[in-house]
Structure formats: structure tokens, C-alpha cells
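Have a look at coords_30.pdb below; it lists PDB, C-alpha atoms, pLDDT in the B column.
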MODEL        1
ATOM      1  CA  MET A   1       0.000   0.000   0.000  1.00 35.00           C
ATOM      2  CA  PRO A   2       1.350   3.485  -0.777  1.00 47.00           C
ATOM      3  CA  ASP A   3       2.152   5.762   2.171  1.00 64.00           C
ATOM      4  CA  VAL A   4      -0.852   7.802   3.266  1.00 75.00           C
ATOM      5  CA  ARG A   5      -0.163  11.486   3.833  1.00 92.00           C
ATOM      6  CA  ARG A   6      -0.928  12.525   7.399  1.00 95.00           C
ATOM      7  CA  ALA A   7      -2.225  15.788   8.787  1.00 97.00           C
ATOM      8  CA  VAL A   8      -2.821  17.376  12.173  1.00 97.00           C
ATOM      9  CA  ILE A   9      -5.514  19.991  12.739  1.00 97.00           C
ATOM     10  CA  ALA A  10      -5.334  22.753  15.342  1.00 96.00           C
ATOM     11  CA  GLU A  11      -8.622  24.607  15.828  1.00 94.00           C
ATOM     12  CA  ASP A  12     -10.283  25.467  19.156  1.00 91.00           C
ATOM     13  CA  SER A  13     -13.818  25.620  17.693  1.00 91.00           C
ATOM     14  CA  VAL A  14     -15.117  22.055  17.923  1.00 90.00           C
ATOM     15  CA  LEU A  15     -17.684  22.517  15.149  1.00 89.00           C
ATOM     16  CA  LEU A  16     -15.180  23.967  12.699  1.00 91.00           C
ATOM     17  CA  ARG A  17     -12.623  21.315  13.634  1.00 92.00           C
ATOM     18  CA  ILE A  18     -15.116  18.557  12.819  1.00 93.00           C
ATOM     19  CA  GLY A  19     -15.702  20.149   9.422  1.00 92.00           C
ATOM     20  CA  LEU A  20     -11.989  20.522   8.772  1.00 94.00           C
ATOM     21  CA  VAL A  21     -11.384  16.868   9.607  1.00 95.00           C
ATOM     22  CA  LYS A  22     -13.967  15.812   7.031  1.00 95.00           C
ATOM     23  CA  VAL A  23     -12.559  18.057   4.304  1.00 95.00           C
ATOM     24  CA  VAL A  24      -8.951  17.093   5.022  1.00 96.00           C
ATOM     25  CA  GLU A  25      -9.922  13.428   4.819  1.00 96.00           C
ATOM     26  CA  MET A  26     -11.727  14.120   1.534  1.00 94.00           C
ATOM     27  CA  ALA A  27      -8.422  15.539   0.266  1.00 94.00           C
ATOM     28  CA  GLY A  28      -6.811  12.147   0.864  1.00 94.00           C
ATOM     29  CA  PHE A  29      -5.082  12.757   4.195  1.00 96.00           C
ATOM     30  CA  GLU A  30      -5.221  10.698   7.358  1.00 96.00           C
ATOM     31  CA  VAL A  31      -5.911  12.996  10.311  1.00 97.00           C
ATOM     32  CA  ALA A  32      -3.331  11.798  12.832  1.00 96.00           C
ATOM     33  CA  ALA A  33      -4.300  14.205  15.618  1.00 96.00           C
ATOM     34  CA  GLU A  34      -6.495  17.150  16.557  1.00 96.00           C
ATOM     35  CA  ALA A  35      -5.416  19.994  18.819  1.00 95.00           C
ATOM     36  CA  GLY A  36      -7.198  22.808  20.626  1.00 92.00           C
ATOM     37  CA  ASP A  37      -4.205  25.026  21.373  1.00 92.00           C
ATOM     38  CA  GLY A  38      -0.633  25.695  20.318  1.00 91.00           C
ATOM     39  CA  GLN A  39       1.019  23.408  22.853  1.00 93.00           C
ATOM     40  CA  GLU A  40      -1.182  20.469  21.871  1.00 95.00           C
ATOM     41  CA  LEU A  41      -0.334  21.199  18.246  1.00 96.00           C
ATOM     42  CA  LEU A  42       3.437  21.154  18.843  1.00 96.00           C
ATOM     43  CA  ALA A  43       3.165  17.912  20.810  1.00 96.00           C
ATOM     44  CA  ALA A  44       1.099  16.327  18.020  1.00 97.00           C
ATOM     45  CA  VAL A  45       3.564  17.371  15.319  1.00 97.00           C
ATOM     46  CA  GLU A  46       6.503  16.074  17.346  1.00 97.00           C
ATOM     47  CA  GLU A  47       4.757  12.736  17.851  1.00 96.00           C
ATOM     48  CA  HIS A  48       3.300  12.163  14.386  1.00 96.00           C
ATOM     49  CA  ARG A  49       5.619  14.178  12.089  1.00 96.00           C
ATOM     50  CA  PRO A  50       2.728  14.887   9.688  1.00 97.00           C
ATOM     51  CA  ASP A  51       2.994  16.049   6.102  1.00 96.00           C
ATOM     52  CA  LEU A  52       0.615  18.931   6.798  1.00 97.00           C
ATOM     53  CA  ALA A  53      -0.547  21.011   9.751  1.00 97.00           C
ATOM     54  CA  VAL A  54      -3.774  23.014   9.402  1.00 97.00           C
ATOM     55  CA  VAL A  55      -3.600  25.724  12.055  1.00 95.00           C
ATOM     56  CA  ASP A  56      -5.942  28.431  13.343  1.00 94.00           C
ATOM     57  CA  VAL A  57      -4.149  31.774  13.779  1.00 90.00           C
ATOM     58  CA  ARG A  58      -5.833  32.627  17.107  1.00 89.00           C
ATOM     59  CA  MET A  59      -6.100  29.923  19.763  1.00 89.00           C
ATOM     60  CA  PRO A  60      -6.214  29.615  23.561  1.00 88.00           C
ATOM     61  CA  PRO A  61      -5.199  30.891  25.967  1.00 87.00           C
ATOM     62  CA  GLY A  62      -4.829  34.429  24.630  1.00 85.00           C
ATOM     63  CA  PHE A  63      -6.568  34.185  21.238  1.00 86.00           C
ATOM     64  CA  THR A  64      -3.958  36.442  19.651  1.00 84.00           C
ATOM     65  CA  ASP A  65      -1.098  34.861  17.698  1.00 85.00           C
ATOM     66  CA  GLU A  66      -0.705  31.475  19.420  1.00 90.00           C
ATOM     67  CA  GLY A  67      -1.270  29.567  16.198  1.00 90.00           C
ATOM     68  CA  VAL A  68       1.223  31.668  14.249  1.00 89.00           C
ATOM     69  CA  ARG A  69       3.930  31.231  16.886  1.00 90.00           C
ATOM     70  CA  ALA A  70       3.338  27.479  16.898  1.00 93.00           C
ATOM     71  CA  ALA A  71       3.457  27.418  13.087  1.00 92.00           C
ATOM     72  CA  LEU A  72       6.772  29.287  13.036  1.00 90.00           C
ATOM     73  CA  GLU A  73       8.193  26.808  15.531  1.00 93.00           C
ATOM     74  CA  ILE A  74       6.991  23.924  13.367  1.00 94.00           C
ATOM     75  CA  ARG A  75       8.688  25.459  10.336  1.00 90.00           C
ATOM     76  CA  GLN A  76      11.921  25.749  12.309  1.00 90.00           C
ATOM     77  CA  LYS A  77      11.954  22.344  14.020  1.00 94.00           C
ATOM     78  CA  TRP A  78      10.171  20.182  11.457  1.00 94.00           C
ATOM     79  CA  PRO A  79      10.610  21.892   8.060  1.00 91.00           C
ATOM     80  CA  SER A  80       9.228  18.866   6.197  1.00 93.00           C
ATOM     81  CA  THR A  81       5.784  19.594   7.691  1.00 96.00           C
ATOM     82  CA  ALA A  82       3.840  22.001   5.488  1.00 95.00           C
ATOM     83  CA  VAL A  83       1.656  24.574   7.268  1.00 95.00           C
ATOM     84  CA  LEU A  84      -1.695  25.988   6.180  1.00 95.00           C
ATOM     85  CA  MET A  85      -2.876  28.828   8.409  1.00 93.00           C
ATOM     86  CA  LEU A  86      -6.548  29.748   8.736  1.00 94.00           C
ATOM     87  CA  SER A  87      -7.689  33.170   9.900  1.00 90.00           C
ATOM     88  CA  GLN A  88     -11.041  34.831  10.512  1.00 87.00           C
ATOM     89  CA  TYR A  89      -9.692  38.160   9.257  1.00 81.00           C
ATOM     90  CA  VAL A  90      -6.855  39.380   7.048  1.00 75.00           C
ATOM     91  CA  GLU A  91      -3.812  39.768   9.292  1.00 74.00           C
ATOM     92  CA  GLU A  92      -0.991  40.645   6.921  1.00 71.00           C
ATOM     93  CA  ARG A  93       1.799  40.613   9.506  1.00 73.00           C
ATOM     94  CA  TYR A  94       1.235  36.943  10.251  1.00 76.00           C
ATOM     95  CA  ALA A  95       1.241  36.019   6.577  1.00 75.00           C
ATOM     96  CA  ALA A  96       4.440  38.009   6.096  1.00 73.00           C
ATOM     97  CA  ASP A  97       6.075  36.302   9.084  1.00 75.00           C
ATOM     98  CA  LEU A  98       5.357  32.877   7.624  1.00 76.00           C
ATOM     99  CA  LEU A  99       6.595  33.788   4.154  1.00 74.00           C
ATOM    100  CA  ALA A 100       9.751  35.379   5.512  1.00 72.00           C
ATOM    101  CA  THR A 101      10.901  32.097   7.067  1.00 66.00           C
ATOM    102  CA  ASN A 102      10.274  29.713   4.176  1.00 69.00           C
ATOM    103  CA  THR A 103       8.225  30.012   1.002  1.00 71.00           C
ATOM    104  CA  SER A 104       7.850  26.274   0.439  1.00 81.00           C
ATOM    105  CA  GLY A 105       4.827  24.433   1.812  1.00 90.00           C
ATOM    106  CA  VAL A 106       3.057  27.485   3.235  1.00 89.00           C
ATOM    107  CA  GLY A 107      -0.545  28.603   3.026  1.00 90.00           C
ATOM    108  CA  TYR A 108      -2.595  31.414   4.557  1.00 90.00           C
ATOM    109  CA  LEU A 109      -6.342  31.415   3.874  1.00 92.00           C
ATOM    110  CA  LEU A 110      -9.398  33.041   5.352  1.00 91.00           C
ATOM    111  CA  LYS A 111     -11.717  30.580   7.076  1.00 90.00           C
ATOM    112  CA  GLN A 112     -14.529  31.450   4.687  1.00 89.00           C
ATOM    113  CA  ARG A 113     -12.585  29.604   1.952  1.00 87.00           C
ATOM    114  CA  VAL A 114     -13.315  26.288   3.667  1.00 88.00           C
ATOM    115  CA  ALA A 115     -16.892  26.580   2.360  1.00 87.00           C
ATOM    116  CA  ASP A 116     -15.579  26.191  -1.206  1.00 90.00           C
ATOM    117  CA  VAL A 117     -14.640  22.570  -0.633  1.00 93.00           C
ATOM    118  CA  GLU A 118     -13.076  21.832  -4.023  1.00 92.00           C
ATOM    119  CA  GLU A 119     -10.850  24.900  -3.981  1.00 91.00           C
ATOM    120  CA  PHE A 120      -9.886  24.335  -0.360  1.00 94.00           C
ATOM    121  CA  ILE A 121      -8.932  20.727  -1.103  1.00 94.00           C
ATOM    122  CA  GLU A 122      -6.793  21.930  -4.001  1.00 92.00           C
ATOM    123  CA  ALA A 123      -5.047  24.379  -1.654  1.00 92.00           C
ATOM    124  CA  LEU A 124      -4.434  21.632   0.928  1.00 94.00           C
ATOM    125  CA  ARG A 125      -2.843  19.386  -1.667  1.00 94.00           C
ATOM    126  CA  ARG A 126      -0.768  22.208  -3.172  1.00 91.00           C
ATOM    127  CA  VAL A 127       0.676  23.272   0.175  1.00 93.00           C
ATOM    128  CA  ALA A 128       1.385  19.674   1.208  1.00 94.00           C
ATOM    129  CA  ALA A 129       3.246  19.201  -2.081  1.00 92.00           C
ATOM    130  CA  GLY A 130       5.554  22.110  -1.252  1.00 90.00           C
ATOM    131  CA  GLY A 131       3.664  24.920  -2.973  1.00 87.00           C
ATOM    132  CA  THR A 132       1.961  28.025  -1.610  1.00 85.00           C
ATOM    133  CA  ALA A 133      -1.664  29.072  -1.193  1.00 87.00           C
ATOM    134  CA  LEU A 134      -2.371  32.685  -0.286  1.00 85.00           C
ATOM    135  CA  ASP A 135      -5.872  34.050   0.028  1.00 86.00           C
ATOM    136  CA  PRO A 136      -6.594  36.735  -2.600  1.00 83.00           C
ATOM    137  CA  GLN A 137      -7.680  39.113   0.179  1.00 81.00           C
ATOM    138  CA  VAL A 138      -4.402  38.511   2.003  1.00 76.00           C
ATOM    139  CA  VAL A 139      -2.465  39.313  -1.173  1.00 74.00           C
ATOM    140  CA  ALA A 140      -4.514  42.474  -1.698  1.00 71.00           C
ATOM    141  CA  GLN A 141      -3.932  43.619   1.891  1.00 69.00           C
ATOM    142  CA  LEU A 142      -0.186  43.013   1.621  1.00 64.00           C
ATOM    143  CA  LEU A 143      -0.167  45.232  -1.447  1.00 57.00           C
ATOM    144  CA  VAL A 144      -1.906  48.203   0.171  1.00 54.00           C
ATOM    145  CA  ARG A 145       1.392  49.580   1.455  1.00 50.00           C
ATOM    146  CA  ARG A 146       3.170  49.080  -1.878  1.00 49.00           C
ATOM    147  CA  ALA A 147       2.380  52.559  -3.166  1.00 45.00           C
ATOM    148  CA  SER A 148       5.556  53.233  -5.139  1.00 47.00           C
ATOM    149  CA  ASP A 149       8.521  50.971  -5.858  1.00 60.00           C
ATOM    150  CA  PRO A 150      10.259  49.302  -8.831  1.00 63.00           C
ATOM    151  CA  LEU A 151       7.143  47.187  -9.369  1.00 73.00           C
ATOM    152  CA  GLU A 152       5.553  50.225 -11.001  1.00 76.00           C
ATOM    153  CA  ARG A 153       7.482  49.373 -14.161  1.00 80.00           C
ATOM    154  CA  LEU A 154       5.212  46.344 -14.583  1.00 85.00           C
ATOM    155  CA  THR A 155       2.172  46.605 -16.808  1.00 88.00           C
ATOM    156  CA  ALA A 156      -1.298  46.079 -15.396  1.00 87.00           C
ATOM    157  CA  ARG A 157      -1.446  42.608 -16.950  1.00 92.00           C
ATOM    158  CA  GLU A 158       1.964  41.695 -15.535  1.00 91.00           C
ATOM    159  CA  ARG A 159       0.802  42.763 -12.075  1.00 87.00           C
ATOM    160  CA  ASP A 160      -2.294  40.589 -12.512  1.00 90.00           C
ATOM    161  CA  VAL A 161      -0.064  37.636 -13.374  1.00 92.00           C
ATOM    162  CA  LEU A 162       2.243  38.301 -10.418  1.00 88.00           C
ATOM    163  CA  ALA A 163      -0.714  38.600  -8.038  1.00 86.00           C
ATOM    164  CA  LEU A 164      -1.930  35.165  -9.131  1.00 89.00           C
ATOM    165  CA  MET A 165       1.612  33.814  -8.757  1.00 88.00           C
ATOM    166  CA  ALA A 166       1.520  35.142  -5.186  1.00 83.00           C
ATOM    167  CA  GLU A 167      -1.657  33.160  -4.533  1.00 83.00           C
ATOM    168  CA  GLY A 168       0.307  30.053  -5.498  1.00 83.00           C
ATOM    169  CA  ARG A 169      -1.309  29.373  -8.859  1.00 86.00           C
ATOM    170  CA  SER A 170       0.518  27.462 -11.583  1.00 88.00           C
ATOM    171  CA  ASN A 171       0.963  28.801 -15.106  1.00 92.00           C
ATOM    172  CA  ALA A 172      -2.045  26.745 -16.164  1.00 93.00           C
ATOM    173  CA  GLY A 173      -4.107  28.128 -13.293  1.00 91.00           C
ATOM    174  CA  ILE A 174      -3.106  31.692 -14.155  1.00 93.00           C
ATOM    175  CA  ALA A 175      -3.997  31.113 -17.804  1.00 94.00           C
ATOM    176  CA  ALA A 176      -7.431  29.791 -16.852  1.00 93.00           C
ATOM    177  CA  GLN A 177      -8.103  32.698 -14.495  1.00 92.00           C
ATOM    178  CA  LEU A 178      -7.092  35.359 -17.027  1.00 94.00           C
ATOM    179  CA  VAL A 179      -8.501  33.483 -20.044  1.00 93.00           C
ATOM    180  CA  VAL A 180      -5.225  33.547 -21.961  1.00 94.00           C
ATOM    181  CA  SER A 181      -2.855  30.884 -23.253  1.00 94.00           C
ATOM    182  CA  GLU A 182      -0.139  29.317 -21.119  1.00 94.00           C
ATOM    183  CA  SER A 183       2.446  30.602 -23.574  1.00 93.00           C
ATOM    184  CA  ALA A 184       1.173  34.142 -22.968  1.00 93.00           C
ATOM    185  CA  VAL A 185       1.495  33.606 -19.226  1.00 94.00           C
ATOM    186  CA  ALA A 186       5.055  32.310 -19.664  1.00 92.00           C
ATOM    187  CA  LYS A 187       5.919  35.409 -21.694  1.00 92.00           C
ATOM    188  CA  HIS A 188       4.475  37.704 -19.012  1.00 91.00           C
ATOM    189  CA  ILE A 189       6.462  35.889 -16.306  1.00 90.00           C
ATOM    190  CA  ASN A 190       9.696  36.217 -18.296  1.00 87.00           C
ATOM    191  CA  ASN A 191       9.024  39.958 -18.654  1.00 87.00           C
ATOM    192  CA  ILE A 192       8.315  40.250 -14.925  1.00 87.00           C
ATOM    193  CA  LEU A 193      11.569  38.521 -13.951  1.00 83.00           C
ATOM    194  CA  ALA A 194      13.530  40.721 -16.324  1.00 82.00           C
ATOM    195  CA  LYS A 195      11.935  43.984 -15.144  1.00 83.00           C
ATOM    196  CA  LEU A 196      12.547  43.208 -11.467  1.00 80.00           C
ATOM    197  CA  ASP A 197      16.303  42.780 -12.030  1.00 73.00           C
ATOM    198  CA  LEU A 198      16.398  39.616  -9.940  1.00 71.00           C
ATOM    199  CA  PRO A 199      19.754  37.899  -9.303  1.00 64.00           C
ATOM    200  CA  LYS A 200      20.781  34.951 -11.439  1.00 63.00           C
ATOM    201  CA  ALA A 201      19.199  31.732 -10.148  1.00 61.00           C
ATOM    202  CA  ASP A 202      17.081  28.831 -11.326  1.00 64.00           C
ATOM    203  CA  ALA A 203      13.648  29.686 -12.693  1.00 67.00           C
ATOM    204  CA  ASP A 204      11.686  28.422  -9.678  1.00 67.00           C
ATOM    205  CA  HIS A 205      13.827  30.410  -7.221  1.00 67.00           C
ATOM    206  CA  ARG A 206      13.555  33.585  -9.284  1.00 75.00           C
ATOM    207  CA  ARG A 207       9.783  33.101  -9.351  1.00 78.00           C
ATOM    208  CA  VAL A 208       9.744  32.954  -5.541  1.00 74.00           C
ATOM    209  CA  LEU A 209      11.942  36.056  -5.320  1.00 74.00           C
ATOM    210  CA  ALA A 210       9.551  37.909  -7.615  1.00 79.00           C
ATOM    211  CA  VAL A 211       6.586  37.026  -5.396  1.00 78.00           C
ATOM    212  CA  LEU A 212       8.447  38.078  -2.244  1.00 74.00           C
ATOM    213  CA  ARG A 213       9.368  41.392  -3.789  1.00 75.00           C
ATOM    214  CA  PHE A 214       5.756  41.865  -4.912  1.00 75.00           C
ATOM    215  CA  LEU A 215       4.488  41.295  -1.378  1.00 71.00           C
ATOM    216  CA  GLY A 216       7.235  43.307   0.296  1.00 67.00           C
ATOM    217  CA  VAL A 217       8.413  40.294   2.317  1.00 57.00           C
ATOM    218  CA  GLY A 218      12.013  39.402   3.039  1.00 49.00           C
ATOM    219  CA  GLY A 219      14.862  40.748   0.914  1.00 45.00           C
TER     220      GLY A 219
ENDMDL
END
The structure in this file should be written as C-alpha cells.
Amino acid sequence: MPDVRRAVIAEDSVLLRIGLVKVVEMAGFEVAAEAGDGQELLAAVEEHRPDLAVVDVRMPPGFTDEGVRAALEIRQKWPSTAVLMLSQYVEERYAADLLATNTSGVGYLLKQRVADVEEFIEALRRVAAGGTALDPQVVAQLLVRRASDPLERLTARERDVLALMAEGRSNAGIAAQLVVSESAVAKHINNILAKLDLPKADADHRRVLAVLRFLGVGG
């Protein structure tokens, strides 16, 4: 039998946690443990070493950033565990903190996205596979403070493409969203990388650097 991917879920709301368990299982994961606070989450990850942790941003006892702090510790101690954060509201600092540590296997979505089961499952699988999944509202909020910078040299279409890259969409996903061909998307991405004067690196790394620069995270 092939190895089954495992997940842990940290959410203090029992009703939402039950729903998350069902959706995560629908996505093909075995739910190894459930947690109601950050300490329970860290203990569960240490014990089970899951492929994915789905974590609420605000959890007991303070309901502030307990989930984020636990997620950052997971990323440091167990980097092979992908983390998908869930938040009731857009909290750009927390998303930026996660992206600044590691851009692989990271997601930050608003809880309302769980209602779109198919899209949420796709985000779960993408993050677990090492990709990213950023809520469009989170991306928009991160961009509010980007009033003037070198990104202004990008065309409106190139900014649209880069915004979708920031959400974690593939070239095919970007093409479908913008109703253009994949070759057109590839051309836009090449133009974006050239205009941002990114250092020489492999294509995937330069793509990540472009997204970070777009969001104003990291270097």
C-alpha cells in the first residue's frame, strides 16, 4: 500500500474542527491528531511528524497569535511539515512572518474559503506538495502599502499575473483565471523577472523572489 499522507488539525472551535477533519480526509489525508491550542499542536507534530498542519491563527489561551507562533516553531523544528494557516480576518503581519521564514509548503487562507470545498482541497494538496496558497484578500492587503517601488514598471497585466503567482497558482491556473494561453502567461512571467532585475538563479527560485518582492516580504 502506498504511504498515506498525514495531517494534524489545530482549531479550538469544535464545530469547525469537525468540518476541517472531514474536508482534510476528503483531500486524501489521514488525520493523525487534533489539537485545541498551540502546545497540543506542537506535541502532536513532534509525535506524528505529519505532512501537513492546518492551524488556526488565534487559539487559547490568549486568542492572539498562538497559532502563528506554533506554526513558526513547526517550520523551524520540522521543516518537512507544510503549514496551512486559517484566519477569521486578514492579518498581513502573520502572513508576512510565515513567508519570511520559508516560502515552500506554506498557506494562509481566510476561514470562509473552507466553504468552497473543491478549492480548499486543491489548496491543501498544493501546500502539502511544497507549494503556496495565499488568500486573494491577504495578497490584496499586503499590497496596500506598496504605493511606489520598482514594481511600477510592470504593466497592469503583468501585475495581474504576479498577483496570481503570489496566490500560489501554476501557469495553467493563471492562464485559466485570465482566459489567456499558457504561452502568454510564460511570456508575461519572463518579462516580470527581467523587469525586477532579480539575481541569477534557477527559474523556480527567481519566481519565488519575484513574489516576495511583490508582497514586500524578506529581501
Leu16 of chain A proximity check over A:Glu46, A:Glu34, A:Asp65, A:Glu40, using only C-alpha atoms: winner is A:Glu34
Might you pull out every residue within 7 Å of Ser104 of chain A, with only C-alpha atoms counted and same-chain residues fewer than 6 positions away left off, and present them as a list in words?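 Once the adjacent positions are removed, what remains is Gly130, Gly131 and Thr132 of chain A.
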Please, which residues in segment 117-139 of chain A fall within 12 Å of segment 157-165 of chain A when counting all atoms listed in the file, and what is the closest atom pair and distance in Å to one decimal for each, ordered by chain then residue number, as a Markdown table?
| residue | atom | partner | partner_atom | distance |
| --- | --- | --- | --- | --- |
| A:Gly131 | CA | A:Met165 | CA | 10.8 |
| A:Thr132 | CA | A:Met165 | CA | 9.2 |
| A:Ala133 | CA | A:Met165 | CA | 9.5 |
| A:Leu134 | CA | A:Leu164 | CA | 9.2 |
| A:Asp135 | CA | A:Leu164 | CA | 10.0 |
| A:Pro136 | CA | A:Leu164 | CA | 8.2 |
| A:Gln137 | CA | A:Ala163 | CA | 10.8 |
| A:Val138 | CA | A:Ala163 | CA | 10.7 |
| A:Val139 | CA | A:Ala163 | CA | 7.1 |
Q. Atom CA of Ser13 of chain A and atom CA of Asp116 of chain A are how many Å apart?
A.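 Atom CA of Asp116 of chain A lies 19.0 Å from atom CA of Ser13 of chain A.
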* Asked: How far is it from atom CA of Ala33 of chain A to atom CA of Arg5 of chain A, in Å with one decimal?
  ->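 Going from atom CA of Ala33 of chain A over to atom CA of Arg5 of chain A, I get 12.8 Å.
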* Matched chain/residue IDs from the PyMOL selection byres ((chain A and resi 95) around 12), as a PyMOL selection string -> chain A and resi 57+65+67-69+71-72+83-87+89-94+96-103+106-110+132-135+137-142+166-167+212+215-218
Any chance you could work out the axis-aligned box around segment 165-177 of chain A, listed atoms only, 4 Å on each side, giving centre and edge lengths in Å to one decimal, as AutoDock Vina command-line options?
--center_x -3.2 --center_y 30.9 --center_z -11.2 --size_x 17.7 --size_y 16.4 --size_z 21.3
message = Evaluate the PyMOL selection byres ((chain A and resi 175) around 12) against this structure - the residues, as a list of chain:residue names, please.
response = A:Arg157, A:Asp160, A:Val161, A:Leu164, A:Met165, A:Arg169, A:Ser170, A:Asn171, A:Ala172, A:Gly173, A:Ile174, A:Ala176, A:Gln177, A:Leu178, A:Val179, A:Val180, A:Ser181, A:Glu182, A:Ser183, A:Ala184, A:Val185, A:Ala186, A:Lys187, A:His188, A:Ile189
- Interatomic distance between atom CA of Ala35 of chain A and atom CA of Lys111 of chain A?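 Answer for the atom CA of Ala35 of chain A to atom CA of Lys111 of chain A separation: 17.0 Å.
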- Task: In the coordinates of the file, take the point (10.1, 39.7, -13.4) and a cut-off of 10 Å; then, counting all atoms listed in the file, name each qualifying protein, DNA or RNA residue as a list of chain:residue names.
- Result: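 These residues have at least one counted atom within 10 Å: A:Leu151, A:Leu154, A:Glu158, A:Arg159, A:Leu162, A:His188, A:Ile189, A:Asn190, A:Asn191, A:Ile192, A:Leu193, A:Ala194, A:Lys195, A:Leu196, A:Asp197, A:Leu198, A:Arg206, A:Arg207, A:Leu209, A:Ala210, A:Val211, A:Arg213, A:Phe214.
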Tell me which of A:Gly105, A:Gly168, A:Gly19, A:Gly36 sits closest to Ser80 of chain A, counting all atoms listed in the file.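 Using all atoms listed in the file, Ser80 of chain A sits closest to A:Gly105.
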### Task
Find the residues near Met26 of chain A: any atom within 12 Å, counting only C-alpha atoms, skip ones fewer than 3 places away on the same chain, and give them as a VMD selection string.
chain A and resid 19 to 23 29 to 31 117 to 118 120 to 122 124 to 125
Answer key for the PyMOL selection byres ((chain A and resi 10) around 8), residues as a list in words =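 That expression, the PyMOL selection byres ((chain A and resi 10) around 8), corresponds here to Val8, Ile9, Glu11, Asp12, Arg17, Glu34, Ala35, Gly36, Asp37, Gly38, Leu41, Ala53, Val54, Val55, Asp56 and Gly67 of chain A.
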